[in-house]
$ cat data.tsv   # TSV, C-alpha atoms
chain	number	residue	atom	x	y	z
A	11	MET	CA	-156.32	-48.20	38.30
A	12	ALA	CA	-152.56	-48.76	38.24
A	13	ASP	CA	-153.06	-52.51	38.17
A	14	SER	CA	-154.82	-52.19	34.82
A	15	ARG	CA	-151.50	-51.30	33.26
A	16	TRP	CA	-150.39	-54.91	33.75
A	17	ALA	CA	-153.70	-56.44	32.57
A	18	ASN	CA	-154.24	-58.59	29.46
A	19	VAL	CA	-151.35	-60.87	30.39
A	20	GLY	CA	-152.61	-63.39	27.90
A	21	ARG	CA	-151.72	-61.30	24.87
A	22	ASP	CA	-149.67	-63.34	22.40
A	23	VAL	CA	-146.35	-61.67	21.69
A	24	LEU	CA	-144.25	-64.31	19.98
A	25	VAL	CA	-144.41	-67.90	18.73
A	26	ILE	CA	-141.20	-69.82	19.35
A	27	GLY	CA	-141.07	-73.39	18.17
A	28	GLY	CA	-144.84	-73.74	18.51
A	29	LEU	CA	-144.88	-72.28	22.06
A	30	VAL	CA	-147.04	-69.23	22.55
A	31	VAL	CA	-145.21	-66.91	24.92
A	32	ILE	CA	-147.38	-64.84	27.21
A	33	ALA	CA	-146.51	-61.22	27.85
A	34	ILE	CA	-148.21	-58.10	29.06
A	35	ALA	CA	-150.27	-55.96	26.66
A	36	LEU	CA	-149.39	-52.36	26.03
A	37	ILE	CA	-149.79	-50.11	29.04
A	38	LEU	CA	-152.93	-48.03	29.43
A	39	PHE	CA	-151.69	-44.51	29.75
A	40	LEU	CA	-152.80	-42.71	32.91
A	41	VAL	CA	-152.23	-39.08	33.64
A	42	THR	CA	-150.83	-38.93	37.14
A	43	LYS	CA	-148.97	-36.43	39.24
A	44	PRO	CA	-145.22	-36.95	38.86
A	45	ASN	CA	-143.51	-38.39	41.90
A	46	ASP	CA	-140.63	-36.13	42.88
A	47	ASP	CA	-138.93	-38.93	44.84
A	48	THR	CA	-138.80	-41.39	41.93
A	49	GLY	CA	-135.94	-39.79	40.09
A	50	ALA	CA	-134.31	-38.12	43.04
A	51	ALA	CA	-131.03	-39.19	44.52
A	52	GLY	CA	-131.70	-40.83	47.87
A	53	PRO	CA	-129.04	-41.60	50.45
A	54	SER	CA	-127.55	-44.36	48.30
A	55	ALA	CA	-128.30	-42.95	44.87
A	56	PRO	CA	-125.31	-41.70	42.89
A	57	VAL	CA	-124.80	-37.98	42.52
A	58	ALA	CA	-124.58	-37.92	38.76
A	59	GLN	CA	-125.54	-36.07	35.63
A	60	ILE	CA	-128.77	-37.10	33.92
A	61	VAL	CA	-128.10	-38.08	30.32
A	62	GLU	CA	-130.82	-37.80	27.70
A	63	PRO	CA	-131.43	-40.91	25.55
A	64	THR	CA	-130.67	-40.79	21.84
A	65	GLY	CA	-134.19	-41.90	20.97
A	66	SER	CA	-137.42	-43.46	22.18
A	67	PRO	CA	-140.77	-44.72	20.96
A	68	GLU	CA	-142.56	-42.23	18.73
A	69	THR	CA	-141.76	-39.12	20.76
A	70	GLY	CA	-138.01	-38.95	20.22
A	71	GLY	CA	-137.51	-38.21	23.94
A	72	THR	CA	-137.84	-40.30	27.03
A	73	SER	CA	-140.35	-43.13	27.00
A	74	ALA	CA	-144.00	-42.60	27.86
A	75	LEU	CA	-143.52	-44.19	31.28
A	76	SER	CA	-140.20	-42.46	31.98
A	77	MET	CA	-139.17	-45.38	34.18
A	78	GLU	CA	-135.50	-45.10	33.30
A	79	ARG	CA	-133.34	-42.63	35.23
A	80	ARG	CA	-130.29	-42.67	32.95
A	81	LEU	CA	-127.90	-41.47	35.63
A	82	ALA	CA	-124.26	-41.51	34.62
A	83	ASP	CA	-122.00	-43.61	36.85
A	84	ASP	CA	-124.95	-45.38	38.50
A	85	PRO	CA	-123.49	-48.62	39.91
A	86	LEU	CA	-126.87	-50.38	39.69
A	87	THR	CA	-126.92	-50.16	35.90
A	88	LEU	CA	-125.22	-51.71	32.91
A	89	GLY	CA	-124.62	-49.91	29.64
A	90	ASP	CA	-124.40	-46.48	28.11
A	91	PRO	CA	-126.74	-43.92	29.72
A	92	ALA	CA	-127.58	-42.69	26.21
A	93	ALA	CA	-128.30	-46.15	24.75
A	94	PRO	CA	-131.38	-46.10	22.50
A	95	VAL	CA	-133.07	-48.88	24.52
A	96	ALA	CA	-133.48	-48.93	28.30
A	97	MET	CA	-134.67	-51.96	30.25
A	98	VAL	CA	-135.78	-51.22	33.79
A	99	MET	CA	-135.86	-54.40	35.87
A	100	PHE	CA	-137.78	-54.71	39.15
A	101	ALA	CA	-136.45	-57.68	41.09
A	102	ASP	CA	-136.11	-59.41	44.45
A	103	TYR	CA	-133.00	-61.37	45.45
A	104	ARG	CA	-135.19	-64.17	46.84
A	105	CYS	CA	-137.24	-64.50	43.63
A	106	PRO	CA	-136.35	-67.73	41.76
A	107	PHE	CA	-137.53	-66.27	38.46
A	108	CYS	CA	-135.29	-63.24	38.90
A	109	ALA	CA	-132.46	-65.71	39.40
A	110	LYS	CA	-133.47	-67.52	36.22
A	111	PHE	CA	-133.28	-64.28	34.27
A	112	SER	CA	-129.88	-63.51	35.77
A	113	ARG	CA	-128.47	-66.92	34.90
A	114	ASP	CA	-130.13	-67.64	31.57
A	115	THR	CA	-130.88	-64.34	29.86
A	116	GLU	CA	-128.86	-61.47	31.27
A	117	PRO	CA	-125.47	-62.70	29.98
A	118	GLU	CA	-126.74	-62.85	26.41
A	119	MET	CA	-128.41	-59.45	26.72
A	120	VAL	CA	-125.14	-57.98	27.93
A	121	GLU	CA	-123.05	-59.56	25.19
A	122	ARG	CA	-125.52	-58.92	22.39
A	123	PHE	CA	-126.87	-55.48	23.27
A	124	VAL	CA	-125.23	-53.81	26.28
A	125	ASP	CA	-121.67	-54.25	25.02
A	126	GLU	CA	-122.75	-52.95	21.60
A	127	GLY	CA	-124.19	-49.74	23.05
A	128	ILE	CA	-127.79	-50.64	22.17
A	129	LEU	CA	-129.20	-51.47	25.61
A	130	ARG	CA	-128.98	-50.06	29.10
A	131	ILE	CA	-130.19	-52.22	32.01
A	132	GLU	CA	-131.31	-50.44	35.18
A	133	TRP	CA	-131.83	-52.45	38.37
A	134	ARG	CA	-134.68	-51.62	40.74
A	135	ASP	CA	-135.10	-53.21	44.16
A	136	LEU	CA	-138.55	-54.64	44.77
A	137	PRO	CA	-138.20	-56.68	48.01
A	138	ILE	CA	-141.54	-58.47	48.28
A	139	PHE	CA	-140.63	-61.74	50.01
A	140	GLY	CA	-140.17	-60.57	53.58
A	141	ASP	CA	-137.44	-59.22	55.82
A	142	GLN	CA	-134.68	-61.21	54.16
A	143	SER	CA	-135.54	-59.62	50.83
A	144	MET	CA	-135.15	-56.15	52.30
A	145	GLN	CA	-131.88	-57.11	53.97
A	146	ALA	CA	-130.61	-58.50	50.68
A	147	ALA	CA	-131.56	-55.26	48.93
A	148	ARG	CA	-129.53	-53.34	51.51
A	149	ALA	CA	-126.67	-55.78	50.97
A	150	GLY	CA	-126.74	-55.19	47.23
A	151	ARG	CA	-126.47	-51.46	47.84
A	152	ALA	CA	-123.65	-52.01	50.32
A	153	ALA	CA	-121.78	-54.01	47.67
A	154	ALA	CA	-122.47	-51.23	45.15
A	155	ALA	CA	-120.93	-48.70	47.54
A	156	GLN	CA	-117.65	-50.62	47.08
A	157	GLY	CA	-118.01	-51.07	43.34
A	158	ARG	CA	-119.09	-54.73	43.40
A	159	PHE	CA	-122.83	-54.57	42.82
A	160	TRP	CA	-123.14	-56.81	39.78
A	161	GLU	CA	-120.62	-59.31	41.11
A	162	PHE	CA	-122.67	-59.59	44.31
A	163	ASN	CA	-125.94	-59.68	42.37
A	164	ARG	CA	-124.79	-62.55	40.19
A	165	ALA	CA	-123.28	-64.47	43.09
A	166	VAL	CA	-126.60	-64.41	44.94
A	167	PHE	CA	-128.61	-65.48	41.91
A	168	ALA	CA	-126.12	-68.15	40.85
A	169	ALA	CA	-126.73	-69.94	44.16
A	170	ALA	CA	-130.51	-69.52	44.15
A	171	PRO	CA	-132.74	-72.60	43.99
A	172	GLU	CA	-134.82	-73.18	40.89
A	173	ARG	CA	-137.92	-73.30	43.06
A	174	GLY	CA	-138.71	-71.62	46.33
A	175	HIS	CA	-136.98	-68.70	47.96
A	176	SER	CA	-133.33	-68.41	48.93
A	177	ASP	CA	-132.48	-68.36	52.62
A	178	LEU	CA	-130.53	-65.11	52.69
A	179	THR	CA	-129.30	-64.81	56.25
A	180	ASP	CA	-126.77	-62.15	57.20
A	181	GLU	CA	-124.07	-64.82	57.17
A	182	ALA	CA	-125.07	-65.94	53.68
A	183	LEU	CA	-125.05	-62.37	52.37
A	184	ILE	CA	-121.61	-61.73	53.83
A	185	GLY	CA	-120.46	-64.93	52.16
A	186	PHE	CA	-121.74	-63.70	48.80
A	187	ALA	CA	-120.00	-60.37	49.36
A	188	ARG	CA	-116.76	-62.23	50.01
A	189	GLN	CA	-117.30	-64.27	46.85
A	190	ALA	CA	-117.99	-61.06	44.90
A	191	GLY	CA	-114.72	-59.53	46.01
A	192	VAL	CA	-116.15	-56.78	48.22
A	193	PRO	CA	-112.94	-55.44	49.78
A	194	ASP	CA	-114.17	-54.18	53.18
A	195	LEU	CA	-116.49	-56.80	54.64
A	196	ASP	CA	-116.84	-55.02	57.97
A	197	ARG	CA	-118.10	-51.90	56.21
A	198	PHE	CA	-120.35	-54.06	54.06
A	199	ALA	CA	-121.90	-55.75	57.11
A	200	THR	CA	-122.44	-52.46	58.91
A	201	GLN	CA	-124.18	-50.85	55.93
A	202	MET	CA	-126.22	-53.99	55.24
A	203	ARG	CA	-127.54	-53.94	58.81
A	204	GLY	CA	-128.19	-50.19	58.82
A	205	ASN	CA	-130.79	-48.04	57.13
A	206	ASP	CA	-128.57	-45.83	54.96
A	207	PHE	CA	-130.09	-47.25	51.78
A	208	ASP	CA	-133.71	-47.58	52.83
A	209	ALA	CA	-134.89	-44.34	51.24
A	210	ALA	CA	-133.44	-45.33	47.85
A	211	ILE	CA	-134.88	-48.85	48.08
A	212	ASN	CA	-138.28	-47.46	49.04
A	213	ALA	CA	-138.11	-45.08	46.08
A	214	ASP	CA	-137.75	-48.12	43.83
A	215	VAL	CA	-140.72	-49.79	45.55
A	216	GLU	CA	-142.78	-46.64	45.12
A	217	GLN	CA	-141.88	-46.46	41.44
A	218	ALA	CA	-143.02	-50.05	40.96
A	219	GLY	CA	-146.25	-49.30	42.80
A	220	SER	CA	-146.92	-46.24	40.66
A	221	ILE	CA	-147.36	-48.48	37.60
A	222	GLY	CA	-148.92	-51.42	39.39
A	223	VAL	CA	-146.10	-53.96	39.08
A	224	PRO	CA	-147.75	-57.17	40.36
A	225	SER	CA	-144.73	-59.45	40.88
A	226	THR	CA	-141.07	-60.01	40.12
A	227	PRO	CA	-139.28	-59.96	37.84
A	228	ALA	CA	-140.98	-57.17	35.92
A	229	PHE	CA	-139.46	-55.16	33.11
A	230	VAL	CA	-140.20	-51.96	31.26
A	231	ILE	CA	-138.43	-51.78	27.90
A	232	ASN	CA	-138.68	-48.30	26.40
A	233	GLY	CA	-142.12	-47.89	27.94
A	234	VAL	CA	-143.41	-51.39	27.13
A	235	PRO	CA	-143.95	-53.78	30.08
A	236	MET	CA	-142.99	-57.43	30.25
A	237	LEU	CA	-143.65	-59.71	33.20
A	238	GLY	CA	-141.72	-62.79	34.24
A	239	ALA	CA	-138.57	-64.63	33.19
A	240	GLN	CA	-139.62	-65.10	29.59
A	241	PRO	CA	-137.40	-67.09	27.23
A	242	THR	CA	-134.31	-65.21	26.09
A	243	GLU	CA	-135.70	-65.00	22.56
A	244	VAL	CA	-138.59	-62.88	23.80
A	245	PHE	CA	-136.24	-60.32	25.34
A	246	VAL	CA	-134.09	-60.30	22.20
A	247	ALA	CA	-137.16	-59.62	20.06
A	248	ALA	CA	-138.38	-56.90	22.42
A	249	VAL	CA	-135.03	-55.09	22.42
A	250	ASN	CA	-134.71	-55.37	18.65
A	251	GLU	CA	-138.19	-53.95	18.22
A	252	ALA	CA	-137.50	-51.10	20.64
A	253	ALA	CA	-134.22	-50.33	18.87
A	254	ASP	CA	-136.01	-50.21	15.51
A	255	ARG	CA	-138.49	-47.70	16.94
A	256	ALA	CA	-135.88	-45.52	18.62

$ encode --input "data.tsv" --output "structure tokens"
Amino acid sequence: MADSRWANVGRDVLVIGGLVVIAIALILFLVTKPNDDTGAAGPSAPVAQIVEPTGSPETGGTSALSMERRLADDPLTLGDPAAPVAMVMFADYRCPFCAKFSRDTEPEMVERFVDEGILRIEWRDLPIFGDQSMQAARAGRAAAAQGRFWEFNRAVFAAAPERGHSDLTDEALIGFARQAGVPDLDRFATQMRGNDFDAAINADVEQAGSIGVPSTPAFVINGVPMLGAQPTEVFVAAVNEAADRA
């Protein structure tokens, strides 16, 4: 039943220059038992205060899906924890479309909305392309442990091919960590090769599975899903609409 939440992909959401952009229809609400692990701090999750959002669709509280965690000082996020709009992003470092979003859309979203206090972006690991994807997810967390998560994230995606999957060997990941300015590369390599972060990564995977995320990248913007690296204009419209509702 969870997969039905991502059905009706062919719903028209915006016409841009004559191009009909495909996005996911509104989620079918299912009453399910809350997952205690989803919002809990795993081994790599920050110990932080939960901050309530200033607004949300219709209810005035958290969104219907409650995908966002809004933890203060979470290194895997960008923006004010109390921003009126939260975008939860499920992604894989070997996903070429995740890389496209990182290169083409994320910078504008940060400049236009995150820096203005309107949007909060929350990263979720969804390693679906094999062992290298899981190792890369661990590497991202290892970089985060030294305060260089987004620098590492962007370095990996900047080098990704437009088609196919990146070859993210241990040596390549260490190279990206060096490029990102991770200060202690020995510590980085040890944590990347260990399992300290597996519980937190698996919590992200479980969260994605609980709403039937079918592929990466996938987004939930104040409770409304969007699938794929849509044109930047689609994300701008979605954030503006969410902000108007908040």

$ residues_around --input "data.tsv" --residues "Ala146 (chain A)" --least-positions-apart "2" --cutoff "10 Å" --atoms "only C-alpha atoms" --output "MDAnalysis selection string"
chainID A and resid 102:104 135 137 141:144 148:152 163 166 178:180 182:183 202:203

$ atom_distance --input "data.tsv" --atom1 "CA of Phe186 (chain A)" --atom2 "CA of Cys105 (chain A)"
16.4 Å

$ residues_around --input "data.tsv" --residues "Arg130 (chain A)" --least-positions-apart "6" --cutoff "9 Å" --atoms "only C-alpha atoms" --output "list in words"
Arg80, Thr87, Leu88, Gly89, Asp90, Pro91, Ala92, Ala93, Pro94, Val95, Ala96, Met97, Val98, Val120, Phe123 and Val124 of chain A

$ axis_aligned_box --input "data.tsv" --around "region 91-99 of chain A" --padding-each-side "5 Å" --output "JSON"
{"center_x": -131.3, "center_y": -48.5, "center_z": 29.2, "size_x": 19.1, "size_y": 21.7, "size_z": 23.4}

$ atom_distance --input "data.tsv" --atom1 "CA of Pro227 (chain A)" --atom2 "CA of Gly191 (chain A)"
25.9 Å

$ atom_distance --input "data.tsv" --atom1 "CA of Ala169 (chain A)" --atom2 "CA of Asn205 (chain A)"
25.8 Å

$ residues_around --input "data.tsv" --residues "Val249 (chain A)" --least-positions-apart "2" --cutoff "8 Å" --atoms "all atoms listed in the file" --output "PDB file with C-alpha atoms, keeping the file's coordinate frame"
ATOM      1  CA  VAL A  95    -133.070 -48.880  24.520  1.00  0.00           C
ATOM      2  CA  LEU A 129    -129.200 -51.470  25.610  1.00  0.00           C
ATOM      3  CA  ILE A 231    -138.430 -51.780  27.900  1.00  0.00           C
ATOM      4  CA  PHE A 245    -136.240 -60.320  25.340  1.00  0.00           C
ATOM      5  CA  VAL A 246    -134.090 -60.300  22.200  1.00  0.00           C
ATOM      6  CA  ALA A 247    -137.160 -59.620  20.060  1.00  0.00           C
ATOM      7  CA  GLU A 251    -138.190 -53.950  18.220  1.00  0.00           C
ATOM      8  CA  ALA A 252    -137.500 -51.100  20.640  1.00  0.00           C
ATOM      9  CA  ALA A 253    -134.220 -50.330  18.870  1.00  0.00           C
TER      10      ALA A 253
END

$ decode --input "data.tsv" --residues "region 222-239 of chain A" --atoms "N, CA and C atoms" --output "PDB file, in the first residue's frame"
ATOM      1  N   GLY A 222       7.109   4.406   0.763  1.00  0.00           N
ATOM      2  CA  GLY A 222       7.163   3.820  -0.567  1.00  0.00           C
ATOM      3  C   GLY A 222       7.965   4.590  -1.576  1.00  0.00           C
ATOM      4  N   VAL A 223       9.065   5.233  -1.162  1.00  0.00           N
ATOM      5  CA  VAL A 223       9.919   5.944  -2.124  1.00  0.00           C
ATOM      6  C   VAL A 223      10.433   4.939  -3.153  1.00  0.00           C
ATOM      7  N   PRO A 224      10.181   5.164  -4.445  1.00  0.00           N
ATOM      8  CA  PRO A 224      10.538   4.165  -5.453  1.00  0.00           C
ATOM      9  C   PRO A 224      11.931   4.307  -6.036  1.00  0.00           C
ATOM     10  N   SER A 225      12.538   5.499  -5.960  1.00  0.00           N
ATOM     11  CA  SER A 225      13.833   5.724  -6.590  1.00  0.00           C
ATOM     12  C   SER A 225      14.414   7.031  -6.060  1.00  0.00           C
ATOM     13  N   THR A 226      15.616   7.330  -6.502  1.00  0.00           N
ATOM     14  CA  THR A 226      16.264   8.576  -6.095  1.00  0.00           C
ATOM     15  C   THR A 226      16.498   9.476  -7.309  1.00  0.00           C
ATOM     16  N   PRO A 227      16.533  10.797  -7.088  1.00  0.00           N
ATOM     17  CA  PRO A 227      16.222  11.467  -5.834  1.00  0.00           C
ATOM     18  C   PRO A 227      14.713  11.560  -5.629  1.00  0.00           C
ATOM     19  N   ALA A 228      14.311  11.581  -4.382  1.00  0.00           N
ATOM     20  CA  ALA A 228      12.910  11.769  -4.032  1.00  0.00           C
ATOM     21  C   ALA A 228      12.841  12.845  -2.953  1.00  0.00           C
ATOM     22  N   PHE A 229      11.821  13.639  -3.004  1.00  0.00           N
ATOM     23  CA  PHE A 229      11.696  14.782  -2.100  1.00  0.00           C
ATOM     24  C   PHE A 229      10.318  14.782  -1.458  1.00  0.00           C
ATOM     25  N   VAL A 230      10.260  15.284  -0.250  1.00  0.00           N
ATOM     26  CA  VAL A 230       8.986  15.573   0.394  1.00  0.00           C
ATOM     27  C   VAL A 230       9.071  17.009   0.865  1.00  0.00           C
ATOM     28  N   ILE A 231       8.233  17.878   0.304  1.00  0.00           N
ATOM     29  CA  ILE A 231       8.257  19.301   0.601  1.00  0.00           C
ATOM     30  C   ILE A 231       7.000  19.652   1.377  1.00  0.00           C
ATOM     31  N   ASN A 232       7.154  19.852   2.675  1.00  0.00           N
ATOM     32  CA  ASN A 232       6.013  20.099   3.563  1.00  0.00           C
ATOM     33  C   ASN A 232       4.885  19.098   3.321  1.00  0.00           C
ATOM     34  N   GLY A 233       5.248  17.828   3.236  1.00  0.00           N
ATOM     35  CA  GLY A 233       4.251  16.773   3.117  1.00  0.00           C
ATOM     36  C   GLY A 233       3.857  16.416   1.703  1.00  0.00           C
ATOM     37  N   VAL A 234       4.365  17.144   0.710  1.00  0.00           N
ATOM     38  CA  VAL A 234       4.006  16.884  -0.688  1.00  0.00           C
ATOM     39  C   VAL A 234       5.195  16.245  -1.401  1.00  0.00           C
ATOM     40  N   PRO A 235       5.018  15.072  -2.027  1.00  0.00           N
ATOM     41  CA  PRO A 235       6.147  14.386  -2.652  1.00  0.00           C
ATOM     42  C   PRO A 235       6.467  14.894  -4.048  1.00  0.00           C
ATOM     43  N   MET A 236       7.724  14.776  -4.405  1.00  0.00           N
ATOM     44  CA  MET A 236       8.182  15.083  -5.753  1.00  0.00           C
ATOM     45  C   MET A 236       9.282  14.084  -6.085  1.00  0.00           C
ATOM     46  N   LEU A 237       9.246  13.546  -7.276  1.00  0.00           N
ATOM     47  CA  LEU A 237      10.200  12.508  -7.656  1.00  0.00           C
ATOM     48  C   LEU A 237      11.068  12.978  -8.811  1.00  0.00           C
ATOM     49  N   GLY A 238      12.363  12.786  -8.689  1.00  0.00           N
ATOM     50  CA  GLY A 238      13.265  13.057  -9.794  1.00  0.00           C
ATOM     51  C   GLY A 238      13.875  14.442  -9.759  1.00  0.00           C
ATOM     52  N   ALA A 239      14.898  14.626 -10.595  1.00  0.00           N
ATOM     53  CA  ALA A 239      15.586  15.918 -10.704  1.00  0.00           C
ATOM     54  C   ALA A 239      14.811  16.802 -11.661  1.00  0.00           C
TER      55      ALA A 239
END
